[in-house]
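Peer 1: For reference, this is coords38.pdb, and it has PDB, C-alpha atoms and all ligand atoms.
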```pdb
ATOM      1  CA  MET A 147      13.812  73.483  12.779
ATOM      2  CA  ASN A 148      17.190  72.515  11.374
ATOM      3  CA  ILE A 149      18.540  69.354  12.963
ATOM      4  CA  SER A 150      21.218  68.719  10.357
ATOM      5  CA  PHE A 151      24.882  68.603  11.402
ATOM      6  CA  GLU A 152      26.213  69.555   7.936
ATOM      7  CA  ASN A 153      28.827  72.312   8.391
ATOM      8  CA  LYS A 154      28.821  71.817  12.167
ATOM      9  CA  ASN A 155      32.285  71.528  13.705
ATOM     10  CA  ILE A 156      32.436  69.466  16.878
ATOM     11  CA  ILE A 157      35.495  68.730  19.015
ATOM     12  CA  ILE A 158      35.684  65.230  20.489
ATOM     13  CA  MET A 159      38.060  64.895  23.453
ATOM     14  CA  GLY A 160      38.889  61.533  24.999
ATOM     15  CA  VAL A 161      38.835  58.762  22.406
ATOM     16  CA  ALA A 162      41.233  56.046  23.627
ATOM     17  CA  ASN A 163      39.814  53.116  21.646
ATOM     18  CA  LYS A 164      36.644  51.916  19.931
ATOM     19  CA  ARG A 165      34.921  51.294  23.265
ATOM     20  CA  SER A 166      35.412  54.867  24.455
ATOM     21  CA  ILE A 167      32.260  56.880  25.115
ATOM     22  CA  ALA A 168      33.895  59.652  23.052
ATOM     23  CA  TRP A 169      34.037  57.275  20.066
ATOM     24  CA  GLY A 170      30.377  56.316  20.565
ATOM     25  CA  ILE A 171      29.554  60.022  20.349
ATOM     26  CA  ALA A 172      31.840  60.516  17.326
ATOM     27  CA  GLU A 173      30.190  57.724  15.328
ATOM     28  CA  VAL A 174      26.691  59.097  15.848
ATOM     29  CA  LEU A 175      27.721  62.689  15.041
ATOM     30  CA  HIS A 176      29.613  61.554  11.958
ATOM     31  CA  LYS A 177      26.547  59.711  10.651
ATOM     32  CA  ALA A 178      24.581  62.934  11.145
ATOM     33  CA  GLY A 179      27.087  64.759   8.904
ATOM     34  CA  ALA A 180      29.194  66.661  11.454
ATOM     35  CA  ASN A 181      32.815  67.632  10.873
ATOM     36  CA  LEU A 182      34.817  66.224  13.794
ATOM     37  CA  ILE A 183      38.017  67.414  15.422
ATOM     38  CA  PHE A 184      39.622  64.825  17.711
ATOM     39  CA  THR A 185      41.976  65.610  20.580
ATOM     40  CA  TYR A 186      44.056  63.090  22.519
ATOM     41  CA  GLY A 187      46.220  63.109  25.631
ATOM     42  CA  LYS A 188      48.354  60.037  25.092
ATOM     43  CA  GLU A 189      50.388  59.304  21.945
ATOM     44  CA  ARG A 190      48.967  55.751  21.931
ATOM     45  CA  SER A 191      45.461  57.155  21.547
ATOM     46  CA  LYS A 192      46.530  59.101  18.433
ATOM     47  CA  LYS A 193      47.270  55.875  16.531
ATOM     48  CA  ASN A 194      43.982  54.369  17.691
ATOM     49  CA  ILE A 195      42.052  57.453  16.582
ATOM     50  CA  GLU A 196      43.781  57.396  13.178
ATOM     51  CA  LYS A 197      42.717  53.771  12.677
ATOM     52  CA  LEU A 198      39.175  54.466  13.847
ATOM     53  CA  VAL A 199      38.837  57.506  11.588
ATOM     54  CA  GLU A 200      39.798  55.272   8.631
ATOM     55  CA  THR A 201      36.559  53.357   9.244
ATOM     56  CA  LEU A 202      34.507  56.526   8.694
ATOM     57  CA  GLU A 203      33.099  57.497   5.318
ATOM     58  CA  ASN A 204      34.544  61.003   5.423
ATOM     59  CA  GLN A 205      38.066  60.693   6.800
ATOM     60  CA  ASN A 206      38.888  64.352   6.634
ATOM     61  CA  HIS A 207      38.944  64.997  10.374
ATOM     62  CA  LEU A 208      41.628  66.860  12.327
ATOM     63  CA  ILE A 209      43.457  64.934  15.070
ATOM     64  CA  LEU A 210      45.339  67.143  17.553
ATOM     65  CA  PRO A 211      47.184  66.651  20.851
ATOM     66  CA  CYS A 212      45.703  68.309  23.940
ATOM     67  CA  ASP A 213      47.068  67.808  27.433
ATOM     68  CA  VAL A 214      44.061  68.912  29.485
ATOM     69  CA  THR A 215      46.219  69.574  32.563
ATOM     70  CA  ASP A 216      48.252  72.245  30.751
ATOM     71  CA  ASP A 217      46.553  75.613  30.109
ATOM     72  CA  GLU A 218      49.120  76.635  27.490
ATOM     73  CA  ALA A 219      48.691  73.321  25.622
ATOM     74  CA  ILE A 220      44.893  73.770  25.627
ATOM     75  CA  HIS A 221      45.300  77.330  24.340
ATOM     76  CA  GLN A 222      47.562  76.142  21.510
ATOM     77  CA  THR A 223      45.177  73.356  20.520
ATOM     78  CA  PHE A 224      42.266  75.779  20.304
ATOM     79  CA  ASN A 225      44.425  78.249  18.380
ATOM     80  CA  THR A 226      45.168  75.561  15.793
ATOM     81  CA  ILE A 227      41.463  74.736  15.613
ATOM     82  CA  LYS A 228      40.659  78.424  15.133
ATOM     83  CA  GLU A 229      43.169  78.690  12.271
ATOM     84  CA  LYS A 230      42.157  75.460  10.523
ATOM     85  CA  VAL A 231      38.425  75.302  11.203
ATOM     86  CA  GLY A 232      37.304  78.732  12.406
ATOM     87  CA  ILE A 233      33.972  78.483  14.172
ATOM     88  CA  ILE A 234      33.103  75.549  16.419
ATOM     89  CA  HIS A 235      29.618  74.438  17.457
ATOM     90  CA  GLY A 236      30.240  71.782  20.061
ATOM     91  CA  VAL A 237      32.713  70.107  22.403
ATOM     92  CA  ALA A 238      32.347  66.575  23.776
ATOM     93  CA  HIS A 239      34.486  66.341  26.933
ATOM     94  CA  SER A 240      34.976  62.684  27.844
ATOM     95  CA  VAL A 241      38.164  62.793  29.879
ATOM     96  CA  ALA A 242      38.903  61.468  33.367
ATOM     97  CA  PHE A 243      41.731  60.003  35.404
ATOM     98  CA  ALA A 244      42.380  58.790  38.919
ATOM     99  CA  ASN A 245      45.157  56.645  40.357
ATOM    100  CA  LYS A 246      44.191  52.988  40.219
ATOM    101  CA  GLU A 247      45.042  52.394  43.884
ATOM    102  CA  GLU A 248      42.527  55.048  44.891
ATOM    103  CA  LEU A 249      39.657  53.338  43.073
ATOM    104  CA  GLU A 250      39.399  50.622  45.712
ATOM    105  CA  GLY A 251      39.326  50.394  49.483
ATOM    106  CA  GLU A 252      38.219  53.385  51.545
ATOM    107  CA  PHE A 253      37.792  56.945  50.241
ATOM    108  CA  VAL A 254      39.171  58.246  53.534
ATOM    109  CA  ASP A 255      42.601  56.973  52.471
ATOM    110  CA  THR A 256      42.703  59.198  49.366
ATOM    111  CA  SER A 257      45.997  61.118  49.211
ATOM    112  CA  ARG A 258      46.077  64.883  48.661
ATOM    113  CA  GLU A 259      48.008  64.312  45.467
ATOM    114  CA  GLY A 260      45.549  61.700  44.171
ATOM    115  CA  PHE A 261      42.574  63.892  45.056
ATOM    116  CA  LEU A 262      44.020  66.876  43.198
ATOM    117  CA  LEU A 263      45.023  64.753  40.199
ATOM    118  CA  ALA A 264      41.476  63.388  39.807
ATOM    119  CA  GLN A 265      40.022  66.899  40.161
ATOM    120  CA  ASN A 266      42.553  68.369  37.751
ATOM    121  CA  VAL A 267      42.039  65.903  34.895
ATOM    122  CA  SER A 268      38.387  64.967  35.450
ATOM    123  CA  ALA A 269      36.766  68.217  36.630
ATOM    124  CA  TYR A 270      38.865  71.376  36.192
ATOM    125  CA  SER A 271      39.671  70.471  32.582
ATOM    126  CA  LEU A 272      36.039  71.203  31.641
ATOM    127  CA  THR A 273      36.360  74.795  32.851
ATOM    128  CA  ALA A 274      39.702  75.321  31.108
ATOM    129  CA  ILE A 275      38.237  73.950  27.878
ATOM    130  CA  ALA A 276      34.985  75.922  28.124
ATOM    131  CA  ARG A 277      37.046  79.124  28.489
ATOM    132  CA  GLU A 278      38.988  78.377  25.281
ATOM    133  CA  ALA A 279      35.945  77.121  23.360
ATOM    134  CA  ARG A 280      33.789  80.177  24.156
ATOM    135  CA  PRO A 281      35.431  82.667  21.735
ATOM    136  CA  LEU A 282      35.253  80.104  18.898
ATOM    137  CA  MET A 283      31.525  79.471  19.431
ATOM    138  CA  THR A 284      30.368  82.622  17.674
ATOM    139  CA  GLU A 285      27.174  80.986  16.373
ATOM    140  CA  GLY A 286      26.258  79.639  19.837
ATOM    141  CA  GLY A 287      27.284  76.195  20.984
ATOM    142  CA  SER A 288      26.857  73.140  23.119
ATOM    143  CA  ILE A 289      29.340  71.535  25.510
ATOM    144  CA  VAL A 290      28.679  67.995  26.731
ATOM    145  CA  THR A 291      30.625  66.173  29.445
ATOM    146  CA  ILE A 292      30.292  62.658  30.843
ATOM    147  CA  SER A 293      29.494  61.889  34.458
ATOM    148  CA  TYR A 294      28.509  58.902  36.573
ATOM    149  CA  LEU A 295      26.050  58.223  39.415
ATOM    150  CA  GLY A 296      28.965  57.951  41.852
ATOM    151  CA  GLY A 297      29.067  61.773  41.820
ATOM    152  CA  GLU A 298      25.609  61.903  43.427
ATOM    153  CA  ARG A 299      25.788  58.999  45.854
ATOM    154  CA  VAL A 300      28.265  56.571  47.280
ATOM    155  CA  VAL A 301      29.101  53.810  44.795
ATOM    156  CA  ARG A 302      31.551  51.209  46.072
ATOM    157  CA  ASN A 303      35.135  51.781  44.863
ATOM    158  CA  TYR A 304      34.331  54.927  42.874
ATOM    159  CA  ASN A 305      35.793  56.971  45.740
ATOM    160  CA  VAL A 306      37.975  59.865  44.548
ATOM    161  CA  MET A 307      36.257  59.805  41.136
ATOM    162  CA  GLY A 308      32.873  60.273  42.810
ATOM    163  CA  VAL A 309      34.076  63.505  44.394
ATOM    164  CA  ALA A 310      35.562  64.589  41.036
ATOM    165  CA  LYS A 311      32.228  63.902  39.265
ATOM    166  CA  ALA A 312      30.356  65.914  41.921
ATOM    167  CA  SER A 313      32.749  68.766  41.169
ATOM    168  CA  LEU A 314      32.261  68.240  37.417
ATOM    169  CA  GLU A 315      28.465  68.366  37.734
ATOM    170  CA  ALA A 316      28.616  71.555  39.825
ATOM    171  CA  SER A 317      30.987  73.045  37.226
ATOM    172  CA  VAL A 318      28.358  72.280  34.560
ATOM    173  CA  MET A 319      25.861  74.525  36.403
ATOM    174  CA  TYR A 320      28.250  77.423  36.919
ATOM    175  CA  LEU A 321      29.611  77.244  33.361
ATOM    176  CA  ALA A 322      26.059  77.059  31.973
ATOM    177  CA  ASN A 323      25.229  80.284  33.814
ATOM    178  CA  ASP A 324      28.336  82.104  32.525
ATOM    179  CA  LEU A 325      28.178  80.897  28.925
ATOM    180  CA  GLY A 326      24.403  81.113  28.544
ATOM    181  CA  LYS A 327      24.828  84.813  27.715
ATOM    182  CA  ASP A 328      26.656  83.736  24.550
ATOM    183  CA  ASP A 329      24.033  81.116  23.663
ATOM    184  CA  ILE A 330      26.393  78.330  24.717
ATOM    185  CA  ARG A 331      24.807  75.440  26.611
ATOM    186  CA  VAL A 332      26.659  73.157  29.027
ATOM    187  CA  ASN A 333      25.264  69.770  30.031
ATOM    188  CA  ALA A 334      26.381  66.404  31.359
ATOM    189  CA  ILE A 335      25.312  62.893  30.479
ATOM    190  CA  SER A 336      25.387  60.589  33.495
ATOM    191  CA  ALA A 337      25.984  57.269  31.778
ATOM    192  CA  GLY A 338      25.268  53.826  33.145
ATOM    193  CA  PRO A 339      28.245  51.436  33.388
ATOM    194  CA  LEU A 340      29.934  50.715  30.042
ATOM    195  CA  ARG A 341      32.852  48.428  29.332
ATOM    196  CA  THR A 342      35.356  51.176  28.489
ATOM    197  CA  LEU A 343      39.113  51.297  29.081
ATOM    198  CA  SER A 344      38.350  53.118  32.362
ATOM    199  CA  ALA A 345      36.340  50.109  33.512
ATOM    200  CA  LYS A 346      39.209  47.763  32.673
ATOM    201  CA  GLY A 347      40.662  46.134  35.726
ATOM    202  CA  VAL A 348      37.574  46.927  37.814
ATOM    203  CA  SER A 349      37.207  43.580  39.550
ATOM    204  CA  ASP A 350      33.471  43.659  40.279
ATOM    205  CA  PHE A 351      32.414  45.435  37.063
ATOM    206  CA  ASN A 352      30.268  42.448  36.016
ATOM    207  CA  SER A 353      28.316  42.618  39.256
ATOM    208  CA  VAL A 354      27.716  46.379  38.782
ATOM    209  CA  VAL A 355      26.232  45.623  35.334
ATOM    210  CA  LYS A 356      24.196  42.742  36.775
ATOM    211  CA  VAL A 357      22.563  45.064  39.321
ATOM    212  CA  ILE A 358      21.527  47.413  36.466
ATOM    213  CA  GLU A 359      20.093  44.489  34.519
ATOM    214  CA  GLU A 360      18.110  43.284  37.510
ATOM    215  CA  ARG A 361      17.024  46.497  39.237
ATOM    216  CA  SER A 362      16.837  49.356  36.712
ATOM    217  CA  PRO A 363      13.361  50.249  35.403
ATOM    218  CA  LEU A 364      14.323  49.050  31.905
ATOM    219  CA  ARG A 365      16.020  45.892  33.326
ATOM    220  CA  ARG A 366      18.948  46.156  30.923
ATOM    221  CA  SER A 367      22.303  47.822  30.578
ATOM    222  CA  ILE A 368      22.922  50.675  28.150
ATOM    223  CA  THR A 369      24.927  50.910  24.920
ATOM    224  CA  LEU A 370      27.568  53.302  23.641
ATOM    225  CA  GLU A 371      25.201  54.249  20.827
ATOM    226  CA  GLU A 372      22.539  55.303  23.331
ATOM    227  CA  VAL A 373      25.013  57.710  24.940
ATOM    228  CA  GLY A 374      25.984  58.907  21.435
ATOM    229  CA  ASN A 375      22.331  59.486  20.532
ATOM    230  CA  THR A 376      21.786  61.534  23.690
ATOM    231  CA  ALA A 377      24.891  63.590  22.953
ATOM    232  CA  LEU A 378      23.546  64.210  19.432
ATOM    233  CA  PHE A 379      20.313  65.485  21.001
ATOM    234  CA  LEU A 380      22.251  67.792  23.338
ATOM    235  CA  PHE A 381      24.347  69.127  20.431
ATOM    236  CA  SER A 382      21.268  69.630  18.263
ATOM    237  CA  GLU A 383      18.571  72.267  18.019
ATOM    238  CA  LEU A 384      16.179  69.803  19.650
ATOM    239  CA  SER A 385      17.596  70.797  23.043
ATOM    240  CA  THR A 386      17.993  74.585  22.752
ATOM    241  CA  ALA A 387      16.357  75.322  26.142
ATOM    242  CA  ILE A 388      18.346  72.689  28.062
ATOM    243  CA  THR A 389      21.442  73.833  29.956
ATOM    244  CA  GLY A 390      23.079  73.172  33.318
ATOM    245  CA  GLU A 391      21.443  69.744  33.213
ATOM    246  CA  VAL A 392      22.626  66.250  34.090
ATOM    247  CA  LEU A 393      20.775  63.816  31.855
ATOM    248  CA  HIS A 394      20.856  60.196  33.059
ATOM    249  CA  VAL A 395      21.332  57.600  30.338
ATOM    250  CA  ASP A 396      21.172  54.641  32.688
ATOM    251  CA  SER A 397      17.965  52.653  32.071
ATOM    252  CA  GLY A 398      16.438  54.777  34.852
ATOM    253  CA  TYR A 399      18.651  53.224  37.542
ATOM    254  CA  HIS A 400      19.215  56.548  39.364
ATOM    255  CA  THR A 401      15.548  56.617  40.382
ATOM    256  CA  ILE A 402      15.760  53.365  42.322
ATOM    257  CA  GLY A 403      16.297  53.656  46.081
TER
HETATM  258  C1  LIG B 501      32.193  52.039  40.578
HETATM  259  C2  LIG B 501      32.873  51.873  39.468
HETATM  260  C3  LIG B 501      34.059  50.972  39.395
HETATM  261  C4  LIG B 501      35.310  51.480  40.123
HETATM  262  C5  LIG B 501      35.859  52.780  39.630
HETATM  263  C6  LIG B 501      36.260  53.058  38.380
HETATM  264  C7  LIG B 501      36.633  54.386  37.970
HETATM  265  C8  LIG B 501      36.961  54.717  36.749
HETATM  266  C9  LIG B 501      37.265  56.100  36.275
HETATM  267  C10 LIG B 501      38.728  56.466  36.104
HETATM  268  C11 LIG B 501      38.774  57.662  35.190
HETATM  269  C12 LIG B 501      39.544  55.297  35.547
HETATM  270  C13 LIG B 501      41.037  55.474  35.578
HETATM  271  O1  LIG B 501      41.560  56.565  35.680
HETATM  272  C14 LIG B 501      41.871  54.222  35.452
HETATM  273  C15 LIG B 501      43.378  54.472  35.560
HETATM  274  O2  LIG B 501      43.782  54.501  36.908
HETATM  275  C16 LIG B 501      44.138  53.332  34.859
HETATM  276  N1  LIG B 501      43.819  53.273  33.443
HETATM  277  C17 LIG B 501      44.533  53.937  32.502
HETATM  278  O3  LIG B 501      45.506  54.618  32.767
HETATM  279  C18 LIG B 501      44.030  53.819  31.097
HETATM  280  C19 LIG B 501      45.092  53.138  30.277
HETATM  281  C20 LIG B 501      43.663  55.225  30.602
HETATM  282  C21 LIG B 501      43.343  55.299  29.161
HETATM  283  O4  LIG B 501      42.519  55.616  31.349
HETATM  284  C22 LIG B 501      42.293  56.936  31.562
HETATM  285  N2  LIG B 501      41.243  57.239  32.337
HETATM  286  O5  LIG B 501      43.011  57.790  31.091
HETATM  287  C23 LIG B 501      32.527  52.668  38.237
HETATM  288  C24 LIG B 501      32.149  51.846  37.047
HETATM  289  C25 LIG B 501      30.968  50.931  37.347
HETATM  290  C26 LIG B 501      31.752  52.808  35.899
HETATM  291  C27 LIG B 501      32.935  53.591  35.340
HETATM  292  C28 LIG B 501      34.038  52.811  34.736
HETATM  293  C29 LIG B 501      32.897  54.942  35.443
HETATM  294  C30 LIG B 501      33.909  55.894  34.911
HETATM  295  O6  LIG B 501      34.003  57.020  35.419
HETATM  296  O7  LIG B 501      34.628  55.556  33.948
END
```
Rewrite the structure from the file as structure tokens, please.
Peer 2:
Amino acid sequence: MNISFENKNIIIMGVANKRSIAWGIAEVLHKAGANLIFTYGKERSKKNIEKLVETLENQNHLILPCDVTDDEAIHQTFNTIKEKVGIIHGVAHSVAFANKEELEGEFVDTSREGFLLAQNVSAYSLTAIAREARPLMTEGGSIVTISYLGGERVVRNYNVMGVAKASLEASVMYLANDLGKDDIRVNAISAGPLRTLSAKGVSDFNSVVKVIEERSPLRRSITLEEVGNTALFLFSELSTAITGEVLHVDSGYHTIG
């Protein structure tokens, strides 16, 4: 079995800073020898990615804009990747957004606009990206997205994002069934709470982490590197029969009632 990532081209979407899950994945894949292509939504992220890439041994990675809410922009980004890189082997989709005011209080108060925005950025984008990635994955491929337990059960304040993650996880199953014919696998990692930019401003984040430390089977929180390692597994030939799956990287917390 070949578990090397030499000559493997993997797209990493959603690095905002060094605490981003996407960056955790990038670091692990880079160490394994993969060639990385970064995409960003906000101009501010571009500068951050440039600085982060400077810390890598091989700095020869493409950095491209990609507004995941714009089909034409996605098409152009993948066209550029096709021209400059050719074949791709993996996509890490680590992108989500919801209005801050809808991540507190009652879910029942979610506006139509806020609901659709969260679905658009956090769930539909995976389908739009899978459609563009498919023709470039001529040697087979692996698509990995990031979810959270709030898509399976009610987690306080997660609200509109919980419904978007449920939609994302269902999309993983349907995409896995479509793309399986082309030897492309689609999976999600349901990560335990991490101190990312998304978690910034979440008032009771510390108490969410404390519950994991006290009640999860492993009695500890998880690290970015552990999510990166799991992504590496899902991108590798170690996981060739796994698709349509949601793999929990959460110290086992999802098993606790
Ligand atoms: C139960 C919780 C805590 C409450 C909910 C947090 C939800 C976070 C997810 C969304 C994606 C965060 C978000 O969109 C924040 C924005 O409204 C404001 N932030 C920004 O605009 C920043 C600058 C940009 C870079 O952020 C984005 N997203 O573009 C869940 C937590 C325990 C776990 C968690 C934090 C989960 C998660 O989905 O990230």
Peer 1: Would you mind reading off the distance between atom CA of Ser268 of chain A and atom C11 of ligand LIG 501 (chain B), one decimal, in Å?
Peer 2: 7.3 Å
Peer 1: Nearest to Ser257 of chain A: which of A:Ile234, A:Val306, A:Ala276, A:Ile227 is it, counting only C-alpha atoms?
Peer 2: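 Among A:Ile234, A:Val306, A:Ala276, A:Ile227, it is A:Val306 that comes nearest to Ser257 of chain A.
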Peer 1: Select, from A:Phe224, A:Tyr399, A:Phe151, A:Tyr320, the residue with the minimum atom-to-atom distance to Phe381 of chain A, counting only C-alpha atoms.
Peer 2: A:Phe151
Peer 1: Once the PyMOL selection byres (((chain A and resi 163-177) around 8) and not hetatm) has been evaluated on this model, what residues remain selected, and can you format them as a PyMOL selection string?
Peer 2: chain A and resi 151+158-162+178-182+191+194-195+198+202+238-240+341-343+370-371+373-375+377-378
Peer 1: Take the point (30.7, 78.6, 16.3) in the file's coordinates, draw a sphere of radius 7 Å around it, and report as a CSV table (one decimal) with C-alpha atoms, in the frame of the given file every protein, DNA or RNA residue with an atom inside or on it, counting all atoms listed in the file.
Peer 2:
```csv
chain,number,residue,atom,x,y,z
A,233,ILE,CA,34.0,78.5,14.2
A,234,ILE,CA,33.1,75.5,16.4
A,235,HIS,CA,29.6,74.4,17.5
A,282,LEU,CA,35.3,80.1,18.9
A,283,MET,CA,31.5,79.5,19.4
A,284,THR,CA,30.4,82.6,17.7
A,285,GLU,CA,27.2,81.0,16.4
A,286,GLY,CA,26.3,79.6,19.8
A,287,GLY,CA,27.3,76.2,21.0
```
Peer 1: On this file, the PyMOL selection byres (((not hetatm)) within 7 of (chain B and resi 501)) gives some set of residues; write that set as a count of residues only.
Peer 2: 26
Peer 1: So, counting all atoms listed in the file, which residue among A:Asp329, A:Gly236, A:Val309, A:Lys197 is closest to Leu295 of chain A?
Peer 2: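 Using all atoms listed in the file, Leu295 of chain A sits closest to A:Val309.
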Peer 1: When you count all atoms listed in the file, which of these residues is closest to Ile330 of chain A: A:Ala219, A:Val267, A:Val231, A:Ile289?
Peer 2: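 Counting all atoms listed in the file, the residue closest to Ile330 of chain A is A:Ile289.
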Peer 1: Return the single residue from A:Ala279, A:Leu384, A:Ile183, A:Leu364 that is closest to Pro211 of chain A, with distances computed using all atoms listed in the file.
Peer 2: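 Result for the nearest residue to Pro211 of chain A: A:Ile183.
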Peer 1: Could you list, as a list in words, every residue within 9 Å of Asp396 of chain A, counting all atoms listed in the file and ignoring same-chain residues fewer than 6 positions away?
Peer 2: Ser336, Ala337, Gly338, Pro339, Ile358, Ser362, Leu364, Arg366, Ser367 and Ile368 of chain A
Peer 1: Neighbours of Phe253 of chain A within 7 Å (only C-alpha atoms; same-chain residues fewer than 2 positions away dropped), as number ranges by chain?
Peer 2: A: 251, 255-256, 305-306
Peer 1: Suppose we keep C-alpha atoms; can you now write the selection as a short mmCIF file (atom, residue, chain, number, x, y, z; two decimals), in the coordinates of the input?
Peer 2:
```cif
data_model
loop_
_atom_site.label_atom_id
_atom_site.label_comp_id
_atom_site.auth_asym_id
_atom_site.auth_seq_id
_atom_site.Cartn_x
_atom_site.Cartn_y
_atom_site.Cartn_z
CA GLY A 251 39.33 50.39 49.48
CA ASP A 255 42.60 56.97 52.47
CA THR A 256 42.70 59.20 49.37
CA ASN A 305 35.79 56.97 45.74
CA VAL A 306 37.98 59.86 44.55
#
```
Peer 1: So how many Å separate atom CA of Phe184 of chain A and atom CA of Leu208 of chain A, to one decimal?
Peer 2: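 Atom CA of Leu208 of chain A lies at a distance of 6.1 Å from atom CA of Phe184 of chain A.
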Peer 1: Please report the interatomic distance between atom CA of Ala269 of chain A and atom CA of Leu321 of chain A in Å with one decimal.
Peer 2: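 Between atom CA of Ala269 of chain A and atom CA of Leu321 of chain A the gap works out to 12.0 Å.
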Peer 1: Which residue gives the smallest distance to Thr376 of chain A among A:Glu315, A:Thr291, A:Gly308, A:Asn323, with all atoms listed in the file counted?
Peer 2: A:Thr291
Peer 1: Evaluate the PyMOL selection byres (((chain A and resi 221) around 12) and not hetatm) on the structure here and hand back the selected residues as a list in words.
Peer 2: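 On this input, the PyMOL selection byres (((chain A and resi 221) around 12) and not hetatm) captures Pro211, Cys212, Asp213, Val214, Thr215, Asp216, Asp217, Glu218, Ala219, Ile220, Gln222, Thr223, Phe224, Asn225, Thr226, Ile227, Lys228, Ala274, Ile275, Ala276, Arg277, Glu278, Ala279, Arg280, Pro281 and Leu282 of chain A.
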Peer 1: Take the residues that were just selected and, keeping C-alpha atoms, output them as a PDB file, in the coordinates of the input.
Peer 2:
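Produced file again-v7.pdb, reproduced below:
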```pdb
ATOM      1  CA  PRO A 211      47.184  66.651  20.851  1.00  0.00           C
ATOM      2  CA  CYS A 212      45.703  68.309  23.940  1.00  0.00           C
ATOM      3  CA  ASP A 213      47.068  67.808  27.433  1.00  0.00           C
ATOM      4  CA  VAL A 214      44.061  68.912  29.485  1.00  0.00           C
ATOM      5  CA  THR A 215      46.219  69.574  32.563  1.00  0.00           C
ATOM      6  CA  ASP A 216      48.252  72.245  30.751  1.00  0.00           C
ATOM      7  CA  ASP A 217      46.553  75.613  30.109  1.00  0.00           C
ATOM      8  CA  GLU A 218      49.120  76.635  27.490  1.00  0.00           C
ATOM      9  CA  ALA A 219      48.691  73.321  25.622  1.00  0.00           C
ATOM     10  CA  ILE A 220      44.893  73.770  25.627  1.00  0.00           C
ATOM     11  CA  GLN A 222      47.562  76.142  21.510  1.00  0.00           C
ATOM     12  CA  THR A 223      45.177  73.356  20.520  1.00  0.00           C
ATOM     13  CA  PHE A 224      42.266  75.779  20.304  1.00  0.00           C
ATOM     14  CA  ASN A 225      44.425  78.249  18.380  1.00  0.00           C
ATOM     15  CA  THR A 226      45.168  75.561  15.793  1.00  0.00           C
ATOM     16  CA  ILE A 227      41.463  74.736  15.613  1.00  0.00           C
ATOM     17  CA  LYS A 228      40.659  78.424  15.133  1.00  0.00           C
ATOM     18  CA  ALA A 274      39.702  75.321  31.108  1.00  0.00           C
ATOM     19  CA  ILE A 275      38.237  73.950  27.878  1.00  0.00           C
ATOM     20  CA  ALA A 276      34.985  75.922  28.124  1.00  0.00           C
ATOM     21  CA  ARG A 277      37.046  79.124  28.489  1.00  0.00           C
ATOM     22  CA  GLU A 278      38.988  78.377  25.281  1.00  0.00           C
ATOM     23  CA  ALA A 279      35.945  77.121  23.360  1.00  0.00           C
ATOM     24  CA  ARG A 280      33.789  80.177  24.156  1.00  0.00           C
ATOM     25  CA  PRO A 281      35.431  82.667  21.735  1.00  0.00           C
ATOM     26  CA  LEU A 282      35.253  80.104  18.898  1.00  0.00           C
TER      27      LEU A 282
END
```
